[in-house]
Structure formats: C-alpha cells, structure tokens
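Student: Below you'll find the structure I mean.
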Amino acid sequence: MERILIVDDDDAIRRTLELHLSEQRFEVLSADTLAKARQVWQSAEPDLVVLDLKLPDGEGTTLLEEFMRAGSEAIVVMVTGHQDMDYAIRAMKAGAFNYIHKPLNIDELDVVLLRARQQIRGRSKVRTLESDQEEFRPGKIAGQSKAILEVHKQIGLAAKSRVNVLIAGESGTGKELVARAIHLNSTPEEPFVAVNCSAIVPTLLESELFGHERGAFTGAHQRKTGKLELAGTGTLFLDEIGDLSSELQSKLLRVVQERTFERVGGNQTLKFDARIIAATNRRLEEMAHQGKFREDLYFRLKVLEIVLPPLRERKADIPNLVQHLLEKINRDLHRHVTKVPDNVMERLMRHDWPGNVRELENVLTQAVLRSPGQLVALDFWSMNAVIGEKRELKSLAEIEKEHIEWVLAEVGGHLGKACEVLGITRPTLRKKMEDYHISVSLH
C-alpha cells in the first residue's frame, strides 16, 4: 500500500482527498502548512505527495526543492489555483511529477496517481548506477561484447602507428568517437580537425579542406587556412568520405601520395603531416568496384579498417551503454538520475535501435529531462512515443486490443479506472472487450 501525503490549507479539499484516496487503497497522511508537511515528510517518508503551491507559511515549491536536494524519492504532484504559465514551469523545474489546476478534477487526479503508482511499483526492481562504477570518460567506447572488445583492440593497434584508418559503420554507431579515441591514444597534444564531407556544399568543400588565397574566387577577400593545414601533425578526420566528389577524391589522393598540397588560387607548396582517419556509413568497397569511388584512394585510406557493429547486433552492451550515457547526460544536465527500473531496461533491450547509440542517447536524454527524481521516468506512454515497437506492422485493431489489455492489467481489472485512463464509457469498454475477446476478473 502506497503512502501519500496531502498538503493543502483548504480543509474541505483536504478532507475530500483523504476520504477519496483512502478508498483508493492509499495510506493517507495530511498537513495544512509547510512546517507540518516538512515534519510529516521527514518522519513518514511518503511515496507520493499532493502538494498545494500556495500555503500560509510559504510556497510548496520551496518544500519540493528542499526534499529533492535531500534525495527524496517521493513523487510529487503540484496543485494550484493559479493558471499562470510561470508557476507550472517553476513546479516542473523543481522536480514535480505533474501539475494539476484547481478546482480539482478527481478523475484527472486519479489518472496522474495511477501513473505515479506504476512508477513506484517499478522501483522494486531497479538497476542503480552509482559512483562506484567507472567514472565517465569522454573518449570511452562503452561495452563488453566480443564485437566491441575487438574494436578496442583495433583502436589500440591504430594508436601504435601513424597509418591511415578507415572506420565503417551505420549512422549513430560512434565513428567519430572511435576516431577521437585513436587520436587521444596517439597524439593527444596535437590538433584533431574534423570535416563532414556531406555537410558542406561541394563547391565550398575544396576551400574548406585546402584553404584559399585572397582573390582566388569571388568573395575571397582574405587568405583562408584550410583543414589540411590546421591539422598540423595531428589528425584529420574526414567523416562521410563516401560523399566526396570525384574531383576532390583525385585531389585528396594526391595529398595522400605526395604529402603536399596548395591552397586554392595559390602556388605555394605546403607540407601535409597529419594522419587521416576517414569514416563512412556507405559500402565503400562496392562503390569502388562500381567506379563511384576511386579504388586507389580507397586502398590508401584503408591501411587499417575498423568496422563498428550496429547496436542491434550487440544488445548485451545496452546496460553498460545506459550507465555510460546516463553518467554523461547527468553531467551535462547537472542531474542525478541513476536508477533504471528493470521493466524500462527490458524495453530498451527489446528495441532494435535503427539510429544506434545516438538514438539511445536521445531517448535517455529525454527521459532524464522528464525524471523528477533519481528514477528514470520512461513510462508506457512516453516509451511508445519515443521508441515504440518495431517488430511488425500491426492493424489498428491489434494495437487497440493490446492497449486495452495493458490498461486493464495495470488497474487490476477495475473497469471504472480503465475507462478513465482510456477516455471511454463503460458500455464502450465492455463492447470492445467482447469484440476483442478480452477476459478479466471484473470489478
């Protein structure tokens, strides 16, 4: 039975909620001031708090911020009679789970508390990512699978020499991360210069790479230092090398072979001393066979090749990746969301991640932003919206049936609560249950 604390100075509202929530099988506590609420919260450690924004001795957000800083795991629902946007923003920033306006709609409150209860019950099985784990390092390639351990070995091999490296893999697998890891383990004191060959207009890419002299073309008002020159004796990372035009492929081949170049519009020969690490999500070998990419350049770049596996082929690494990414996200967002419910981790493990590690990081970032406490808040609704199910295409009827079955299971077969969550009437629910052959122990 979950323990809930009601904090409101309106006696009528407080008594109504006490009666209603007792009927909903909550252990109910109450307070009418911040001082009393602080005392009860400290002594009773409630699972849920329904907290009024305006109280006689201060604002509810003050108490919320205080207990969030202290590490309280209570889920807090803010209540207010104010319709001002600023109040809602302040409440959510302070760590509120949700925000409800007065006059209170009991049905709306029940739906919010149902979702809060689901999150509380998910805490019984959580993975906790604490500080005794290995500290986050920006260049770390996380994972323990055989495939990723092989990548670690290849990074070490590449770092031992100055040979050119070709990194192949789908978008989002971490090709630039691997390039930076090679650089940091070989010439960390030297420049790392990255160029995305697909993000720059082809007519400007030559100037971007080689630089140009003043007056080389219309708009060239002064000399520009190119990326080849800026890389010095460090690393030139050419991302999406497969998108390089045939003309620039020829010019890059000359640089690789002769280790010299000239700026656009210039005649001074400059020395090129950097190591080239190229990356692609395209099948460069096939492109070379088809004449779409210079075969001689392909072999010059592929002195050492590192192939990054897609995330769907190394799902055993997902828990380790989640830990690593959460540490990064928490650091960047100044948060401390470290606990992952087992049902959330299971859902993350089931997804095929077509966007690979980049997609996983995006999902976790959104989850951290939504999480009011230390528990990753990635509930049924948001997970379907963010990552969904990619198994097979289903009909609308199949999806509706599964959703109704899930809601009924979550509310313990209580038709009234299921109707509130689904937003339909009891006769409509009964008809759908009959049509879809859904059977539960009815209440």
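Please note that chains go A, B, ... in the order of the structure tokens, that every chain numbers its residues from 1, and that ligands are numbered from 1 in the order shown.
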Can you list, as JSON, numbers by chain, all residues belonging to stretch 285-422 of chain A that DSSP tags as strand (DSSP E)?

Tutor: {"A": [304, 305, 306, 307, 339, 340, 341]}

Student: Using the selection just defined, write its residues with C-alpha atoms as a PDB file, in the first residue's frame.

Tutor:
```
ATOM      1  CA  LEU A 304      43.681  -0.252 -41.239  1.00  0.00           C
ATOM      2  CA  GLU A 305      39.900  -0.722 -41.216  1.00  0.00           C
ATOM      3  CA  ILE A 306      37.702  -0.680 -38.128  1.00  0.00           C
ATOM      4  CA  VAL A 307      34.127  -1.889 -38.583  1.00  0.00           C
ATOM      5  CA  LYS A 339      18.101   4.320 -11.144  1.00  0.00           C
ATOM      6  CA  VAL A 340      16.708   2.300 -14.047  1.00  0.00           C
ATOM      7  CA  PRO A 341      13.632   0.072 -13.427  1.00  0.00           C
TER       8      PRO A 341
END
```

Student: Identify, on the basis of only C-alpha atoms, every residue whose closest approach to A:Arg121 does not exceed 10 Å; exclude the query and any residue fewer than 4 positions from it along the same chain; express the result as a ChimeraX atom specification.

Tutor: /A:2,116-117,125,341

Student: Generate the output file for the selected residues, C-alpha atoms, as a tab-separated table (two decimals), in the first residue's frame.

Tutor:
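Written file, selection-v6.tsv:
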```tsv
chain	number	residue	atom	x	y	z
A	2	GLU	CA	1.48	3.35	-1.05
A	116	ALA	CA	2.73	7.57	-10.33
A	117	ARG	CA	1.83	4.25	-8.71
A	125	LYS	CA	13.42	-3.88	-9.28
A	341	PRO	CA	13.63	0.07	-13.43
```

Student: Extract, using only C-alpha atoms, all DNA, RNA and protein residues at most 6 Å from stretch 320-336 of chain A, discarding same-chain residues fewer than 6 positions from it, and format them as a list in words.

Tutor: Ala142, Gly143 and Gln374 of chain A

Student: List every residue of stretch 178-262 of chain A that has an atom at most 8 Å from any atom of stretch 155-160 of chain A, and for each one report the closest atom pair and its distance in Å to one decimal, counting only C-alpha atoms, with rows sorted by chain and then by increasing residue number, as a Markdown table.

Tutor:
```
| residue | atom | partner | partner_atom | distance |
| --- | --- | --- | --- | --- |
| A:Val178 | CA | A:Ile155 | CA | 7.2 |
| A:Ala181 | CA | A:Ile155 | CA | 7.1 |
| A:Ile182 | CA | A:Ala159 | CA | 5.3 |
| A:His183 | CA | A:Ala159 | CA | 7.1 |
| A:Asn185 | CA | A:Ala159 | CA | 5.7 |
| A:Ser186 | CA | A:Ala159 | CA | 4.8 |
```

Student: Using only C-alpha atoms, which of A:Ile106, A:Ala199, A:Cys419, A:Ala274 sits nearest A:Ala231?

Tutor: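 Answer, going by the shortest atom-to-atom distance: A:Ala274.
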
Student: Enumerate, in order of chain and increasing residue number, the residues of stretch 299-351 of chain A with an atom no farther than 9 Å from stretch 147-151 of chain A, each with its shortest atom pair and distance in Å to one decimal, counting only C-alpha atoms, as JSON lines.

Tutor:
```
{"residue": "A:Ile306", "atom": "CA", "partner": "A:Val151", "partner_atom": "CA", "distance": 6.7}
{"residue": "A:Val307", "atom": "CA", "partner": "A:Val151", "partner_atom": "CA", "distance": 7.5}
{"residue": "A:Leu308", "atom": "CA", "partner": "A:Val151", "partner_atom": "CA", "distance": 7.1}
{"residue": "A:Pro309", "atom": "CA", "partner": "A:Ala147", "partner_atom": "CA", "distance": 6.9}
{"residue": "A:Glu313", "atom": "CA", "partner": "A:Ala147", "partner_atom": "CA", "distance": 8.7}
{"residue": "A:Arg314", "atom": "CA", "partner": "A:Ala147", "partner_atom": "CA", "distance": 7.3}
{"residue": "A:Asp317", "atom": "CA", "partner": "A:Ile148", "partner_atom": "CA", "distance": 8.6}
```

Student: Could you pull out the helix (DSSP H, G or I) residues of stretch 288-402 of chain A from DSSP and send them as a ChimeraX atom specification?

Tutor: /A:288-289,295-301,311-313,315-333,342-350,356-370,380-386,396-402
